[in-house]
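Source file: protein17.pdb. Holds: PDB, C-alpha atoms and all ligand atoms.
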```pdb
ATOM      1  CA  MET A   1       0.000   0.000   0.000
ATOM      2  CA  GLY A   2       2.791   2.377   1.021
ATOM      3  CA  VAL A   3       4.802   1.773  -2.135
ATOM      4  CA  ALA A   4       1.715   2.105  -4.335
ATOM      5  CA  THR A   5       0.722   5.367  -2.651
ATOM      6  CA  ALA A   6       4.256   6.826  -2.888
ATOM      7  CA  THR A   7       4.475   5.816  -6.567
ATOM      8  CA  ALA A   8       1.106   7.429  -7.293
ATOM      9  CA  ILE A   9       2.190  10.670  -5.569
ATOM     10  CA  VAL A  10       5.486  10.799  -7.518
ATOM     11  CA  CYS A  11       3.686  10.122 -10.819
ATOM     12  CA  ALA A  12       1.150  12.851 -10.063
ATOM     13  CA  ALA A  13       3.966  15.283  -9.228
ATOM     14  CA  ILE A  14       5.764  14.472 -12.511
ATOM     15  CA  GLY A  15       2.482  14.973 -14.373
ATOM     16  CA  LEU A  16       1.979  18.383 -12.748
ATOM     17  CA  TYR A  17       5.608  19.348 -13.502
ATOM     18  CA  ILE A  18       5.151  18.527 -17.187
ATOM     19  CA  GLY A  19       1.653  19.972 -17.485
ATOM     20  CA  LEU A  20       2.078  23.168 -15.480
ATOM     21  CA  TYR A  21       5.761  23.960 -16.032
ATOM     22  CA  LEU A  22       7.378  22.275 -19.034
ATOM     23  CA  ALA A  23       4.352  22.603 -21.352
ATOM     24  CA  ASN A  24       3.546  26.127 -20.215
ATOM     25  CA  VAL A  25       4.933  28.358 -22.995
ATOM     26  CA  PRO A  26       4.243  32.105 -22.852
ATOM     27  CA  GLY A  27       1.395  33.354 -25.032
ATOM     28  CA  SER A  28       2.161  35.094 -28.308
ATOM     29  CA  ALA A  29       0.716  37.821 -30.499
ATOM     30  CA  ALA A  30       1.004  37.901 -34.281
ATOM     31  CA  ALA A  31       1.683  40.786 -36.644
ATOM     32  CA  VAL A  32      -1.272  41.848 -38.801
ATOM     33  CA  THR A  33      -0.936  41.696 -42.585
ATOM     34  CA  SER A  34      -3.188  43.899 -44.712
ATOM     35  CA  SER A  35      -2.937  45.789 -48.012
ATOM     36  CA  GLN A  36      -0.790  48.286 -46.061
ATOM     37  CA  GLY A  37       1.808  45.606 -45.367
ATOM     38  CA  THR A  38       2.698  43.793 -42.150
ATOM     39  CA  SER A  39       2.229  45.654 -38.867
ATOM     40  CA  LEU A  40       2.935  44.931 -35.232
ATOM     41  CA  TYR A  41       1.215  47.014 -32.540
ATOM     42  CA  LEU A  42       2.650  47.166 -29.021
ATOM     43  CA  ALA A  43       2.250  49.265 -25.882
ATOM     44  CA  THR A  44       4.517  50.044 -22.948
ATOM     45  CA  VAL A  45       3.101  50.939 -19.545
ATOM     46  CA  PRO A  46       4.444  52.151 -16.189
ATOM     47  CA  ALA A  47       2.669  49.250 -14.488
ATOM     48  CA  ALA A  48       0.981  46.026 -15.595
ATOM     49  CA  ALA A  49      -2.776  45.506 -15.152
ATOM     50  CA  LEU A  50      -4.108  45.468 -11.570
ATOM     51  CA  SER A  51      -5.053  41.800 -12.018
ATOM     52  CA  ASP A  52      -1.456  40.899 -12.966
ATOM     53  CA  PRO A  53       0.641  38.980 -10.371
ATOM     54  CA  HIS A  54       3.245  41.779 -10.750
ATOM     55  CA  ASN A  55       0.973  44.799 -11.053
ATOM     56  CA  THR A  56       3.708  47.288 -10.078
ATOM     57  CA  TRP A  57       6.079  46.160 -12.846
ATOM     58  CA  VAL A  58       6.712  48.062 -16.070
ATOM     59  CA  SER A  59       5.673  46.030 -19.064
ATOM     60  CA  TYR A  60       5.153  45.651 -22.780
ATOM     61  CA  TYR A  61       1.759  44.526 -24.113
ATOM     62  CA  ALA A  62       0.373  43.613 -27.533
ATOM     63  CA  VAL A  63      -2.508  45.813 -28.721
ATOM     64  CA  ASN A  64      -4.487  46.359 -31.930
ATOM     65  CA  SER A  65      -4.049  49.133 -34.529
ATOM     66  CA  SER A  66      -6.186  51.574 -32.549
ATOM     67  CA  GLY A  67      -4.451  50.828 -29.255
ATOM     68  CA  GLY A  68      -7.182  48.558 -27.834
ATOM     69  CA  ASP A  69      -7.514  44.782 -27.257
ATOM     70  CA  TRP A  70      -4.733  44.537 -24.665
ATOM     71  CA  ARG A  71      -2.925  41.194 -24.407
ATOM     72  CA  HIS A  72      -0.093  40.578 -21.970
ATOM     73  CA  ASP A  73       2.176  38.835 -24.494
ATOM     74  CA  THR A  74       5.833  39.486 -25.296
ATOM     75  CA  THR A  75       6.405  36.792 -27.926
ATOM     76  CA  TYR A  76       5.635  38.325 -31.305
ATOM     77  CA  VAL A  77       5.104  36.160 -34.377
ATOM     78  CA  LEU A  78       6.376  37.763 -37.595
ATOM     79  CA  PRO A  79       6.778  36.531 -41.195
ATOM     80  CA  ALA A  80      10.369  35.971 -42.400
ATOM     81  CA  HIS A  81      12.139  38.343 -44.856
ATOM     82  CA  THR A  82       9.379  40.928 -44.558
ATOM     83  CA  LEU A  83       9.251  44.636 -43.826
ATOM     84  CA  VAL A  84       7.365  45.002 -40.546
ATOM     85  CA  HIS A  85       5.860  48.347 -39.542
ATOM     86  CA  VAL A  86       6.011  48.580 -35.759
ATOM     87  CA  THR A  87       3.865  50.988 -33.737
ATOM     88  CA  ILE A  88       4.490  51.318 -30.004
ATOM     89  CA  PHE A  89       1.987  53.241 -27.880
ATOM     90  CA  GLN A  90       4.340  54.452 -25.151
ATOM     91  CA  TYR A  91       2.567  55.499 -21.900
ATOM     92  CA  ASP A  92       5.447  55.604 -19.412
ATOM     93  CA  SER A  93       7.476  58.637 -18.280
ATOM     94  CA  PRO A  94      11.255  58.746 -18.943
ATOM     95  CA  SER A  95      13.732  56.794 -16.811
ATOM     96  CA  GLY A  96      16.755  57.979 -18.796
ATOM     97  CA  ILE A  97      19.717  55.847 -19.796
ATOM     98  CA  ARG A  98      23.327  55.773 -18.722
ATOM     99  CA  ASN A  99      24.820  55.112 -22.150
ATOM    100  CA  GLN A 100      23.828  57.700 -24.771
ATOM    101  CA  PHE A 101      24.723  55.278 -27.546
ATOM    102  CA  LEU A 102      21.421  53.540 -26.827
ATOM    103  CA  SER A 103      19.332  56.663 -27.396
ATOM    104  CA  GLN A 104      20.067  56.284 -31.129
ATOM    105  CA  ALA A 105      18.097  54.134 -33.535
ATOM    106  CA  GLN A 106      19.949  51.193 -35.088
ATOM    107  CA  GLY A 107      18.875  48.723 -37.736
ATOM    108  CA  THR A 108      15.576  50.322 -38.763
ATOM    109  CA  THR A 109      14.706  51.243 -42.354
ATOM    110  CA  GLY A 110      16.512  54.540 -42.978
ATOM    111  CA  GLY A 111      18.100  54.282 -39.523
ATOM    112  CA  THR A 112      15.266  56.373 -38.120
ATOM    113  CA  PHE A 113      11.963  56.262 -36.240
ATOM    114  CA  GLN A 114       9.068  58.692 -35.851
ATOM    115  CA  VAL A 115       7.337  60.045 -32.762
ATOM    116  CA  ASN A 116       3.646  60.942 -33.206
ATOM    117  CA  GLY A 117       4.088  60.986 -36.986
ATOM    118  CA  ALA A 118       6.590  63.866 -36.936
ATOM    119  CA  ALA A 119       9.708  64.028 -39.119
ATOM    120  CA  PRO A 120      11.958  60.956 -38.893
ATOM    121  CA  GLU A 121      14.513  61.124 -36.078
ATOM    122  CA  GLN A 122      17.755  59.285 -35.538
ATOM    123  CA  ALA A 123      18.026  59.776 -31.769
ATOM    124  CA  ILE A 124      16.333  61.353 -28.747
ATOM    125  CA  ALA A 125      17.793  62.992 -25.671
ATOM    126  CA  SER A 126      18.956  60.145 -23.451
ATOM    127  CA  ALA A 127      17.185  61.715 -20.452
ATOM    128  CA  ASN A 128      13.855  61.434 -22.321
ATOM    129  CA  THR A 129      14.161  57.718 -22.958
ATOM    130  CA  SER A 130      11.485  55.641 -21.275
ATOM    131  CA  HIS A 131      12.128  52.203 -22.781
ATOM    132  CA  ILE A 132      14.020  50.665 -25.693
ATOM    133  CA  PHE A 133      12.924  47.994 -28.104
ATOM    134  CA  ALA A 134      16.109  46.131 -29.034
ATOM    135  CA  VAL A 135      16.910  42.841 -30.737
ATOM    136  CA  PRO A 136      20.689  42.552 -30.227
ATOM    137  CA  GLN A 137      21.045  39.600 -32.595
ATOM    138  CA  LEU A 138      19.589  41.711 -35.437
ATOM    139  CA  GLY A 139      21.386  44.947 -34.556
ATOM    140  CA  LEU A 140      17.953  46.536 -34.087
ATOM    141  CA  SER A 141      17.414  49.106 -31.351
ATOM    142  CA  VAL A 142      14.875  51.918 -31.039
ATOM    143  CA  PRO A 143      14.626  54.390 -28.129
ATOM    144  CA  LEU A 144      11.096  55.153 -26.928
ATOM    145  CA  GLN A 145      10.301  58.733 -25.960
ATOM    146  CA  GLY A 146       8.749  59.058 -22.479
ATOM    147  CA  VAL A 147       5.558  61.019 -21.793
ATOM    148  CA  SER A 148       6.063  64.201 -19.797
ATOM    149  CA  GLY A 149       6.402  63.586 -16.057
ATOM    150  CA  THR A 150       3.874  66.373 -15.491
ATOM    151  CA  ALA A 151       1.230  65.087 -17.937
ATOM    152  CA  LYS A 152      -2.189  65.376 -16.238
ATOM    153  CA  ASN A 153      -3.712  62.290 -17.789
ATOM    154  CA  ALA A 154      -0.778  59.892 -17.482
ATOM    155  CA  CYS A 155      -1.788  56.238 -17.423
ATOM    156  CA  ALA A 156      -0.948  54.209 -14.315
ATOM    157  CA  ASN A 157      -1.789  50.565 -14.934
ATOM    158  CA  ALA A 158      -2.578  48.769 -18.185
ATOM    159  CA  PRO A 159      -4.821  48.959 -20.096
ATOM    160  CA  CYS A 160      -4.311  52.579 -21.190
ATOM    161  CA  SER A 161      -6.137  54.545 -23.870
ATOM    162  CA  PRO A 162      -4.539  56.570 -26.687
ATOM    163  CA  THR A 163      -7.468  59.017 -26.522
ATOM    164  CA  ALA A 164      -7.767  59.352 -22.708
ATOM    165  CA  ASN A 165      -4.105  59.094 -21.633
ATOM    166  CA  ALA A 166      -0.866  60.880 -22.479
ATOM    167  CA  VAL A 167       0.918  58.785 -25.091
ATOM    168  CA  GLU A 168       3.940  58.970 -27.396
ATOM    169  CA  LYS A 169       3.312  56.942 -30.517
ATOM    170  CA  VAL A 170       6.640  55.615 -31.785
ATOM    171  CA  THR A 171       6.778  54.057 -35.249
ATOM    172  CA  PHE A 172       9.569  52.401 -37.226
ATOM    173  CA  THR A 173      10.079  49.751 -39.880
ATOM    174  CA  PHE A 174      12.555  46.897 -40.029
ATOM    175  CA  ARG A 175      13.115  43.835 -42.177
ATOM    176  CA  THR A 176      12.778  40.469 -40.479
ATOM    177  CA  PRO A 177      15.533  37.870 -40.956
ATOM    178  CA  GLY A 178      15.012  34.194 -41.777
ATOM    179  CA  LYS A 179      13.067  31.817 -39.571
ATOM    180  CA  GLY A 180      14.152  31.623 -35.967
ATOM    181  CA  LEU A 181      13.621  32.736 -32.422
ATOM    182  CA  TYR A 182      15.234  36.090 -31.646
ATOM    183  CA  ARG A 183      15.316  37.534 -28.145
ATOM    184  CA  TRP A 184      14.320  41.166 -27.667
ATOM    185  CA  GLN A 185      14.676  43.293 -24.565
ATOM    186  CA  CYS A 186      14.590  46.794 -23.116
ATOM    187  CA  PHE A 187      17.919  48.378 -22.158
ATOM    188  CA  VAL A 188      16.653  51.267 -20.011
ATOM    189  CA  PRO A 189      17.156  50.670 -16.265
ATOM    190  CA  CYS A 190      13.386  51.006 -15.862
ATOM    191  CA  ALA A 191      12.746  48.455 -13.091
ATOM    192  CA  ALA A 192      11.979  50.789 -10.183
ATOM    193  CA  GLY A 193      12.800  49.285  -6.802
ATOM    194  CA  TYR A 194      15.439  46.857  -8.103
ATOM    195  CA  ILE A 195      19.220  47.187  -7.887
ATOM    196  CA  ASP A 196      20.416  49.496 -10.692
ATOM    197  CA  GLY A 197      16.912  49.240 -12.199
ATOM    198  CA  PHE A 198      17.781  45.987 -13.946
ATOM    199  CA  GLY A 199      16.002  43.330 -11.842
ATOM    200  CA  GLY A 200      12.371  42.169 -11.719
ATOM    201  CA  PRO A 201      10.590  43.103 -14.966
ATOM    202  CA  MET A 202      13.899  43.731 -16.762
ATOM    203  CA  GLN A 203      14.950  40.111 -16.366
ATOM    204  CA  THR A 204      11.588  38.417 -16.711
ATOM    205  CA  VAL A 205      10.138  37.292 -20.035
ATOM    206  CA  GLY A 206       6.616  38.718 -20.246
ATOM    207  CA  TYR A 207       7.506  42.239 -19.085
ATOM    208  CA  MET A 208      10.608  43.984 -20.524
ATOM    209  CA  ASP A 209      11.840  40.918 -22.423
ATOM    210  CA  GLY A 210      10.452  38.500 -24.964
ATOM    211  CA  PHE A 211      11.021  36.872 -28.328
ATOM    212  CA  LEU A 212      10.429  37.535 -31.989
ATOM    213  CA  LYS A 213       9.266  34.244 -33.438
ATOM    214  CA  VAL A 214      10.035  34.627 -37.139
ATOM    215  CA  VAL A 215       8.173  31.996 -39.176
TER     216      VAL A 215
HETATM  217 CU    CU B   1      12.003  49.230 -20.050
END
```
As C-alpha cells - that is how I would like this structure written.
Amino acid sequence: MGVATATAIVCAAIGLYIGLYLANVPGSAAAVTSSQGTSLYLATVPAAALSDPHNTWVSYYAVNSSGGDWRHDTTYVLPAHTLVHVTIFQYDSPSGIRNQFLSQAQGTTGGTFQVNGAAPEQAIASANTSHIFAVPQLGLSVPLQGVSGTAKNACANAPCSPTANAVEKVTFTFRTPGKGLYRWQCFVPCAAGYIDGFGGPMQTVGYMDGFLKVV
C-alpha cells in the first residue's frame, strides 16, 4: 500500500511538472498583414494591469491598430524576410539611460523612427528615454520617448487609452531575418525598486523581455 501510494504521488507530481511547467509556454501575439503591409502594434506601460501577479512592474503589451484589445504577451510572431511596420503606444514617463549610444536608432529602415508621426529622427535625448525595443542579434534598437512627467492624464496601470491618456506613438520599420527565435529586450534601467533598475521586470520574459518568433 505504502509503495503504491508513494508511486502514485510521484507520478502525479511528474504529471503536474510537465503539465504546469514544461508545457507552459508564454502566449504570443502575431503581426497583422493587410494591403498596407505587415504591422505589429505594441504598448509600454508604467505598471501592468491590476489583475497581474506583478501589477507594479513596467511592461510591454500587444494591442491592436487603434491601441485597444490589450494582451499581456511578449512573444511576437512575424513573417520571415518581410518589412514590418512597428507601432508602439508608449505610456510611461522617462527613466533615462546611462549610455547615450542607446538613445540612437539602429537597424531600422533609414536608420530612423518617428514620434507621433513627426519628421523621422535618428536619436532622442537620453534623459527622455522611457524604454528601448532592441533585438541585439539583429542589430535593431529603437529608443522610446517618455511622456512628460507632469502630464495630467498619465496612465498608471494597463490597459491605457490613446485618446484618454498621455501617449507617445513611436513608429519604425525593419526587415525580419530568416526563420528563428530572436530575443528582444529593453535596455533602459526602468525596473523601479530593483538594484540598478535591472532586476524584476527587466529580467523576466513577459515584461521587458520577450522573443520575436520569425516563421
Ligand atoms: Cu524598459
Taking all atoms of segment 11-22 of chain A that the file lists, what box with edges along x, y and z, padded by 3 Å per side, do you get, with centre and edge lengths in Å to one decimal, as lines of an AutoDock Vina configuration file?
```
center_x = 4.3
center_y = 17.0
center_z = -14.1
size_x = 12.2
size_y = 19.8
size_z = 15.8
```
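Using only C-alpha atoms and all ligand atoms, the smallest distance between any of A:Val63, A:Ala119, A:Ile9, A:Ala43 and ligand CU 1 (chain B) comes from A:Ala43.
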Under the PyMOL selection byres (((chain A and resi 79-94) around 8) and not hetatm), which residues of this model are included? Write them out as a VMD selection string.
chain A and resid 37 to 46 67 77 to 78 95 to 96 127 to 131 144 to 149 154 to 155 160 162 165 to 179 214 to 215
Which residue gives the smallest distance to Gly27 of chain A among A:Gln203, A:Ser59, A:Thr75, A:Gln122, with all atoms listed in the file counted?
A:Thr75
Apply the PyMOL selection byres (((not hetatm)) within 7 of (chain B and resi 1)) to the file shown and report the selected residues as a PDB file with C-alpha atoms, keeping the file's coordinate frame.
```
ATOM      1  CA  VAL A  58       6.712  48.062 -16.070  1.00  0.00           C
ATOM      2  CA  SER A 130      11.485  55.641 -21.275  1.00  0.00           C
ATOM      3  CA  HIS A 131      12.128  52.203 -22.781  1.00  0.00           C
ATOM      4  CA  ILE A 132      14.020  50.665 -25.693  1.00  0.00           C
ATOM      5  CA  CYS A 186      14.590  46.794 -23.116  1.00  0.00           C
ATOM      6  CA  PHE A 187      17.919  48.378 -22.158  1.00  0.00           C
ATOM      7  CA  VAL A 188      16.653  51.267 -20.011  1.00  0.00           C
ATOM      8  CA  PRO A 189      17.156  50.670 -16.265  1.00  0.00           C
ATOM      9  CA  CYS A 190      13.386  51.006 -15.862  1.00  0.00           C
ATOM     10  CA  MET A 202      13.899  43.731 -16.762  1.00  0.00           C
ATOM     11  CA  MET A 208      10.608  43.984 -20.524  1.00  0.00           C
TER      12      MET A 208
END
```
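What the PyMOL selection byres (((chain A and resi 48-52) around 9) and not hetatm) matches in the given file is Val45, Pro46, Ala47, Pro53, His54, Asn55, Thr56, Trp57, Val58, Ser59, Tyr60, Tyr61, His72, Ala156, Asn157, Ala158, Pro159 and Tyr207 of chain A.
With distances taken over all atoms listed in the file, A:Thr74 is the one residue among A:Asn116, A:Gln104, A:Thr74, A:Ser66 lying closest to Thr204 of chain A.
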Could you state the separation of atom CA of Gln137 of chain A and atom CA of Gln100 of chain A in Å, given to one decimal place?
19.9 Å
Extract segment 50-86 of chain A from the preceding block and save N, CA and C atoms as a CSV table (one decimal), in the first residue's frame.
```csv
chain,number,residue,atom,x,y,z
A,50,LEU,N,-3.9,45.7,-13.0
A,50,LEU,CA,-4.1,45.5,-11.6
A,50,LEU,C,-4.3,44.0,-11.3
A,51,SER,N,-4.8,43.2,-12.2
A,51,SER,CA,-5.1,41.8,-12.0
A,51,SER,C,-3.8,41.0,-12.2
A,52,ASP,N,-2.7,41.6,-12.7
A,52,ASP,CA,-1.5,40.9,-13.0
A,52,ASP,C,-0.8,40.5,-11.7
A,53,PRO,N,-0.1,39.3,-11.6
A,53,PRO,CA,0.6,39.0,-10.4
A,53,PRO,C,1.7,40.0,-10.0
A,54,HIS,N,2.2,40.7,-11.0
A,54,HIS,CA,3.2,41.8,-10.7
A,54,HIS,C,2.7,43.1,-11.2
A,55,ASN,N,1.7,43.6,-10.5
A,55,ASN,CA,1.0,44.8,-11.1
A,55,ASN,C,1.7,46.1,-10.7
A,56,THR,N,2.9,46.1,-10.2
A,56,THR,CA,3.7,47.3,-10.1
A,56,THR,C,4.9,47.3,-11.1
A,57,TRP,N,5.0,46.3,-11.9
A,57,TRP,CA,6.1,46.2,-12.8
A,57,TRP,C,5.8,46.9,-14.2
A,58,VAL,N,6.8,47.5,-14.7
A,58,VAL,CA,6.7,48.1,-16.1
A,58,VAL,C,6.5,46.9,-17.0
A,59,SER,N,5.9,47.2,-18.2
A,59,SER,CA,5.7,46.0,-19.1
A,59,SER,C,5.4,46.5,-20.5
A,60,TYR,N,5.7,45.6,-21.4
A,60,TYR,CA,5.2,45.7,-22.8
A,60,TYR,C,3.8,44.9,-22.9
A,61,TYR,N,3.0,45.2,-23.8
A,61,TYR,CA,1.8,44.5,-24.1
A,61,TYR,C,1.6,44.5,-25.6
A,62,ALA,N,0.8,43.6,-26.1
A,62,ALA,CA,0.4,43.6,-27.5
A,62,ALA,C,-1.0,44.3,-27.6
A,63,VAL,N,-1.2,45.1,-28.6
A,63,VAL,CA,-2.5,45.8,-28.7
A,63,VAL,C,-2.9,45.7,-30.2
A,64,ASN,N,-4.1,46.3,-30.5
A,64,ASN,CA,-4.5,46.4,-31.9
A,64,ASN,C,-4.1,47.7,-32.5
A,65,SER,N,-4.5,47.9,-33.8
A,65,SER,CA,-4.0,49.1,-34.5
A,65,SER,C,-4.6,50.4,-33.9
A,66,SER,N,-5.7,50.3,-33.2
A,66,SER,CA,-6.2,51.6,-32.5
A,66,SER,C,-5.8,51.6,-31.1
A,67,GLY,N,-4.9,50.8,-30.6
A,67,GLY,CA,-4.5,50.8,-29.3
A,67,GLY,C,-5.4,50.1,-28.2
A,68,GLY,N,-6.3,49.3,-28.7
A,68,GLY,CA,-7.2,48.6,-27.8
A,68,GLY,C,-6.8,47.1,-27.8
A,69,ASP,N,-7.7,46.2,-27.3
A,69,ASP,CA,-7.5,44.8,-27.3
A,69,ASP,C,-6.2,44.4,-26.6
A,70,TRP,N,-6.0,44.8,-25.3
A,70,TRP,CA,-4.7,44.5,-24.7
A,70,TRP,C,-4.5,43.1,-24.3
A,71,ARG,N,-3.3,42.6,-24.7
A,71,ARG,CA,-2.9,41.2,-24.4
A,71,ARG,C,-1.5,41.2,-23.8
A,72,HIS,N,-1.4,40.5,-22.7
A,72,HIS,CA,-0.1,40.6,-22.0
A,72,HIS,C,0.8,39.5,-22.6
A,73,ASP,N,1.3,39.8,-23.8
A,73,ASP,CA,2.2,38.8,-24.5
A,73,ASP,C,3.4,39.6,-24.9
A,74,THR,N,4.6,38.9,-24.8
A,74,THR,CA,5.8,39.5,-25.3
A,74,THR,C,6.6,38.6,-26.3
A,75,THR,N,5.9,37.5,-26.8
A,75,THR,CA,6.4,36.8,-27.9
A,75,THR,C,5.6,37.2,-29.1
A,76,TYR,N,6.3,37.8,-30.2
A,76,TYR,CA,5.6,38.3,-31.3
A,76,TYR,C,6.0,37.5,-32.6
A,77,VAL,N,4.9,37.0,-33.2
A,77,VAL,CA,5.1,36.2,-34.4
A,77,VAL,C,5.1,37.0,-35.6
A,78,LEU,N,6.2,36.9,-36.4
A,78,LEU,CA,6.4,37.8,-37.6
A,78,LEU,C,6.8,36.9,-38.8
A,79,PRO,N,6.3,37.3,-40.0
A,79,PRO,CA,6.8,36.5,-41.2
A,79,PRO,C,8.2,36.8,-41.5
A,80,ALA,N,8.9,35.8,-42.1
A,80,ALA,CA,10.4,36.0,-42.4
A,80,ALA,C,10.6,36.9,-43.6
A,81,HIS,N,11.7,37.5,-43.7
A,81,HIS,CA,12.1,38.3,-44.9
A,81,HIS,C,11.0,39.3,-45.3
A,82,THR,N,10.5,40.0,-44.3
A,82,THR,CA,9.4,40.9,-44.6
A,82,THR,C,9.6,42.3,-43.9
A,83,LEU,N,9.2,43.3,-44.5
A,83,LEU,CA,9.3,44.6,-43.8
A,83,LEU,C,8.1,44.7,-42.8
A,84,VAL,N,8.4,44.9,-41.6
A,84,VAL,CA,7.4,45.0,-40.5
A,84,VAL,C,7.3,46.4,-40.0
A,85,HIS,N,6.1,47.0,-40.1
A,85,HIS,CA,5.9,48.3,-39.5
A,85,HIS,C,5.4,48.2,-38.1
A,86,VAL,N,6.3,48.7,-37.2
A,86,VAL,CA,6.0,48.6,-35.8
A,86,VAL,C,5.5,49.9,-35.2
```
